[in-house]
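start-v7.cif, holding mmCIF, C-alpha atoms, pLDDT in the B column; chains and numbers go by the auth columns:
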data_upload
loop_
_atom_site.group_PDB
_atom_site.id
_atom_site.type_symbol
_atom_site.label_atom_id
_atom_site.label_comp_id
_atom_site.label_asym_id
_atom_site.label_seq_id
_atom_site.Cartn_x
_atom_site.Cartn_y
_atom_site.Cartn_z
_atom_site.B_iso_or_equiv
_atom_site.auth_seq_id
_atom_site.auth_asym_id
ATOM 1 C CA MET A 1 0.000 0.000 0.000 41.00 1 A
ATOM 2 C CA SER A 2 1.464 3.336 -1.015 53.00 2 A
ATOM 3 C CA LYS A 3 1.496 6.328 1.282 69.00 3 A
ATOM 4 C CA SER A 4 -0.794 9.098 0.073 80.00 4 A
ATOM 5 C CA SER A 5 0.606 12.565 -0.522 86.00 5 A
ATOM 6 C CA VAL A 6 -0.568 15.805 1.032 85.00 6 A
ATOM 7 C CA PHE A 7 -1.899 16.621 -2.453 88.00 7 A
ATOM 8 C CA ASP A 8 -4.170 13.554 -2.340 90.00 8 A
ATOM 9 C CA GLU A 9 -5.104 14.024 1.311 87.00 9 A
ATOM 10 C CA ILE A 10 -6.402 17.566 0.802 86.00 10 A
ATOM 11 C CA GLY A 11 -8.508 16.660 -2.231 89.00 11 A
ATOM 12 C CA GLY A 12 -6.141 16.765 -5.198 91.00 12 A
ATOM 13 C CA THR A 13 -6.495 18.971 -8.230 91.00 13 A
ATOM 14 C CA LEU A 14 -10.010 20.176 -7.432 92.00 14 A
ATOM 15 C CA VAL A 15 -9.083 21.603 -4.032 91.00 15 A
ATOM 16 C CA VAL A 16 -5.684 22.957 -5.106 92.00 16 A
ATOM 17 C CA SER A 17 -7.183 24.608 -8.202 94.00 17 A
ATOM 18 C CA THR A 18 -9.988 26.150 -6.163 95.00 18 A
ATOM 19 C CA ALA A 19 -7.480 27.314 -3.546 94.00 19 A
ATOM 20 C CA VAL A 20 -5.303 28.990 -6.185 95.00 20 A
ATOM 21 C CA THR A 21 -8.276 30.857 -7.662 96.00 21 A
ATOM 22 C CA ILE A 22 -9.459 32.094 -4.262 97.00 22 A
ATOM 23 C CA LEU A 23 -5.894 32.887 -3.185 96.00 23 A
ATOM 24 C CA TYR A 24 -5.317 35.248 -6.103 96.00 24 A
ATOM 25 C CA ASP A 25 -8.708 36.888 -5.559 96.00 25 A
ATOM 26 C CA ARG A 26 -7.558 37.613 -2.012 96.00 26 A
ATOM 27 C CA VAL A 27 -3.979 38.711 -2.679 95.00 27 A
ATOM 28 C CA THR A 28 -4.934 41.045 -5.517 96.00 28 A
ATOM 29 C CA ALA A 29 -7.399 42.716 -3.140 96.00 29 A
ATOM 30 C CA ASP A 30 -4.864 42.991 -0.301 96.00 30 A
ATOM 31 C CA PRO A 31 -3.270 46.480 -0.256 96.00 31 A
ATOM 32 C CA LEU A 32 -0.001 45.008 1.062 93.00 32 A
ATOM 33 C CA LEU A 33 0.253 42.603 -1.890 95.00 33 A
ATOM 34 C CA SER A 34 -1.704 44.012 -4.811 94.00 34 A
ATOM 35 C CA GLU A 35 1.186 46.042 -6.254 92.00 35 A
ATOM 36 C CA TRP A 36 3.105 42.844 -7.072 89.00 36 A
ATOM 37 C CA PHE A 37 0.250 41.715 -9.298 91.00 37 A
ATOM 38 C CA ASP A 38 -0.420 44.903 -11.278 91.00 38 A
ATOM 39 C CA GLY A 39 -0.101 44.167 -14.978 91.00 39 A
ATOM 40 C CA ILE A 40 0.464 40.437 -14.416 90.00 40 A
ATOM 41 C CA ASP A 41 -1.278 37.821 -16.559 93.00 41 A
ATOM 42 C CA LEU A 42 -3.182 36.230 -13.679 94.00 42 A
ATOM 43 C CA ARG A 43 -4.499 33.363 -15.788 94.00 43 A
ATOM 44 C CA ARG A 44 -0.954 32.319 -16.595 91.00 44 A
ATOM 45 C CA LEU A 45 0.234 32.922 -13.022 89.00 45 A
ATOM 46 C CA LYS A 46 -2.592 30.801 -11.611 92.00 46 A
ATOM 47 C CA ALA A 47 -1.689 27.963 -13.971 90.00 47 A
ATOM 48 C CA HIS A 48 1.957 28.103 -12.848 86.00 48 A
ATOM 49 C CA GLN A 49 0.920 28.279 -9.199 87.00 49 A
ATOM 50 C CA LEU A 50 -1.366 25.275 -9.623 90.00 50 A
ATOM 51 C CA ASP A 51 1.477 23.288 -11.194 86.00 51 A
ATOM 52 C CA PHE A 52 3.951 24.403 -8.528 81.00 52 A
ATOM 53 C CA LEU A 53 1.669 23.625 -5.589 83.00 53 A
ATOM 54 C CA THR A 54 0.700 20.281 -7.105 87.00 54 A
ATOM 55 C CA VAL A 55 4.341 19.203 -7.225 81.00 55 A
ATOM 56 C CA ALA A 56 5.181 20.783 -3.853 78.00 56 A
ATOM 57 C CA LEU A 57 2.375 18.800 -2.233 82.00 57 A
ATOM 58 C CA GLY A 58 3.377 15.478 -3.778 84.00 58 A
ATOM 59 C CA GLY A 59 1.014 15.406 -6.748 87.00 59 A
ATOM 60 C CA PRO A 60 1.937 14.591 -10.336 86.00 60 A
ATOM 61 C CA ASP A 61 5.187 16.236 -11.450 76.00 61 A
ATOM 62 C CA GLU A 62 4.143 18.328 -14.429 70.00 62 A
ATOM 63 C CA PHE A 63 5.836 21.584 -13.451 65.00 63 A
ATOM 64 C CA GLY A 64 7.844 23.003 -16.316 69.00 64 A
ATOM 65 C CA GLY A 65 8.151 26.606 -15.256 69.00 65 A
ATOM 66 C CA ARG A 66 11.126 28.661 -14.205 76.00 66 A
ATOM 67 C CA SER A 67 12.724 27.961 -10.859 77.00 67 A
ATOM 68 C CA ILE A 68 11.125 29.722 -7.950 76.00 68 A
ATOM 69 C CA HIS A 69 14.205 31.916 -7.595 79.00 69 A
ATOM 70 C CA GLU A 70 14.113 32.930 -11.271 82.00 70 A
ATOM 71 C CA ALA A 71 10.375 33.628 -11.152 77.00 71 A
ATOM 72 C CA HIS A 72 10.780 36.030 -8.218 79.00 72 A
ATOM 73 C CA ALA A 73 14.103 37.632 -9.169 79.00 73 A
ATOM 74 C CA GLY A 74 13.912 41.402 -9.211 78.00 74 A
ATOM 75 C CA LEU A 75 10.458 41.565 -7.625 80.00 75 A
ATOM 76 C CA ALA A 76 11.778 42.746 -4.253 84.00 76 A
ATOM 77 C CA VAL A 77 9.470 40.420 -2.347 87.00 77 A
ATOM 78 C CA THR A 78 9.658 41.185 1.371 92.00 78 A
ATOM 79 C CA ASN A 79 9.340 38.885 4.349 94.00 79 A
ATOM 80 C CA ALA A 80 6.074 40.648 5.217 94.00 80 A
ATOM 81 C CA ALA A 81 4.663 39.955 1.754 92.00 81 A
ATOM 82 C CA PHE A 82 5.778 36.320 1.897 93.00 82 A
ATOM 83 C CA ASP A 83 4.154 35.917 5.324 95.00 83 A
ATOM 84 C CA ALA A 84 0.941 37.550 4.087 96.00 84 A
ATOM 85 C CA ILE A 85 0.640 35.229 1.089 93.00 85 A
ATOM 86 C CA VAL A 86 1.264 32.148 3.236 94.00 86 A
ATOM 87 C CA ALA A 87 -1.369 33.417 5.698 96.00 87 A
ATOM 88 C CA HIS A 88 -3.866 33.972 2.877 96.00 88 A
ATOM 89 C CA LEU A 89 -3.206 30.473 1.520 94.00 89 A
ATOM 90 C CA ALA A 90 -3.624 28.939 4.975 94.00 90 A
ATOM 91 C CA ALA A 91 -6.941 30.781 5.436 96.00 91 A
ATOM 92 C CA VAL A 92 -8.160 29.673 2.002 95.00 92 A
ATOM 93 C CA LEU A 93 -7.245 26.057 2.721 91.00 93 A
ATOM 94 C CA GLU A 94 -8.963 26.229 6.102 93.00 94 A
ATOM 95 C CA ASP A 95 -12.088 27.643 4.430 93.00 95 A
ATOM 96 C CA LEU A 96 -11.968 24.712 1.984 90.00 96 A
ATOM 97 C CA GLY A 97 -11.919 22.240 4.863 88.00 97 A
ATOM 98 C CA VAL A 98 -8.267 21.206 4.797 87.00 98 A
ATOM 99 C CA ALA A 99 -7.224 19.841 8.185 86.00 99 A
ATOM 100 C CA ASP A 100 -4.837 21.879 10.327 90.00 100 A
ATOM 101 C CA ASP A 101 -2.059 19.291 10.024 86.00 101 A
ATOM 102 C CA GLY A 102 -2.274 19.485 6.215 83.00 102 A
ATOM 103 C CA ILE A 103 -2.099 23.275 6.343 88.00 103 A
ATOM 104 C CA GLU A 104 0.932 23.066 8.633 90.00 104 A
ATOM 105 C CA VAL A 105 2.722 20.737 6.202 86.00 105 A
ATOM 106 C CA ILE A 106 1.971 23.093 3.309 86.00 106 A
ATOM 107 C CA ALA A 107 3.123 26.160 5.279 90.00 107 A
ATOM 108 C CA ALA A 108 6.353 24.363 6.242 90.00 108 A
ATOM 109 C CA ARG A 109 7.061 23.463 2.608 86.00 109 A
ATOM 110 C CA LEU A 110 6.487 27.063 1.557 88.00 110 A
ATOM 111 C CA GLU A 111 8.683 28.284 4.406 92.00 111 A
ATOM 112 C CA GLY A 112 11.434 26.120 2.956 89.00 112 A
ATOM 113 C CA GLN A 113 11.223 28.248 -0.207 87.00 113 A
ATOM 114 C CA ARG A 114 11.450 31.624 1.589 91.00 114 A
ATOM 115 C CA ASP A 115 15.127 32.176 0.741 91.00 115 A
ATOM 116 C CA GLN A 116 14.372 31.581 -2.947 88.00 116 A
ATOM 117 C CA ILE A 117 11.521 34.132 -2.990 89.00 117 A
ATOM 118 C CA VAL A 118 12.335 36.915 -0.528 92.00 118 A
ATOM 119 C CA GLN A 119 14.867 39.484 -1.697 83.00 119 A
ATOM 120 C CA SER A 120 17.161 40.818 0.996 70.00 120 A
ATOM 121 C CA SER A 121 17.242 44.578 1.090 56.00 121 A
#
Rewrite the coordinates I just gave you, this time as structure tokens.
Amino acid sequence: MSKSSVFDEIGGTLVVSTAVTILYDRVTADPLLSEWFDGIDLRRLKAHQLDFLTVALGGPDEFGGRSIHEAHAGLAVTNAAFDAIVAHLAAVLEDLGVADDGIEVIAARLEGQRDQIVQSS
């Protein structure tokens, strides 16, 4: 018997896709974060985020985008912005019924990417 992934445990593509859509609705409305998304092709960004989160959570490996470091290079992402996005994602997942332990695993995996996303000032 194979061990299920976090991706499978939280509901797979349906839940992750829904979470990504709601997440970007929230972050584009957040005054702390909205400036990073001005002029961005959100449809394309959501597709990349879905692929990235799918792989990060142990789902099928179909991510073919740039590295996380390359994707965020030059954006001057701050620790506060990183924390806010992780908090929004956690809230979205909670609203979708993901268990606290699943949210903690996801937050820990994202935390492991902080140094690839946040730009030191």
Exercise. Contacts of Thr18 in chain A at 12 Å or less, counting all atoms listed in the file, minus same-chain residues fewer than 4 places along, as a list in words?
Worked result: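 Here the answer would be Ile10, Gly11, Gly12, Thr13, Leu14, Ile22, Leu23, Tyr24, Asp25, Lys46, Ala47, Gln49, Leu50, Leu53, Leu89, Val92, Leu93, Asp95, Leu96 and Gly97 of chain A.
Summary of the local environment: counting only C-alpha atoms, residues at most 10 Å from range 27-38 of chain A, other than itself and those fewer than 6 positions away along its chain, are Leu45, Leu75, Ala76, Val77, Ala80, Ala81, Phe82, Ala84, Ile85, His88 and Leu89 of chain A.
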Problem set entry | Interatomic distance (Å, one decimal) between CA of Leu57 in chain A and CA of Val6 in chain A | 5.3 Å
Problem set entry | Ground truth for the PyMOL selection byres ((chain A and resi 110) around 10), written as a PyMOL selection string | chain A and resi 53+56-57+82-83+86+104-109+111-114+117
Exercise. For Thr78 in chain A, which residue out of A:Ala19, A:Arg26, A:Phe7, A:Gln119 is the nearest one, using all atoms listed in the file?
Worked result: A:Gln119
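Between CA of Asp115 in chain A and CA of Thr54 in chain A the separation is 20.3 Å.
Of note, CA of Asp41 in chain A and CA of His69 in chain A are spaced 18.8 Å apart.
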For this session: Find the residues around Gln116 in chain A up to 10 Å (all atoms listed in the file counted), leave out those fewer than 5 positions away in its own chain, and share them as a list in words.
Result: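 Returned residues: Ser67, Ile68, His69, Glu70, Ala71, His72, Ala73 and Glu111 of chain A.
Among the candidates A:Gly58, A:Arg66, A:Ile40, A:Ser120, the residue lying nearest to Glu9 in chain A is A:Gly58 (atoms considered: all atoms listed in the file).
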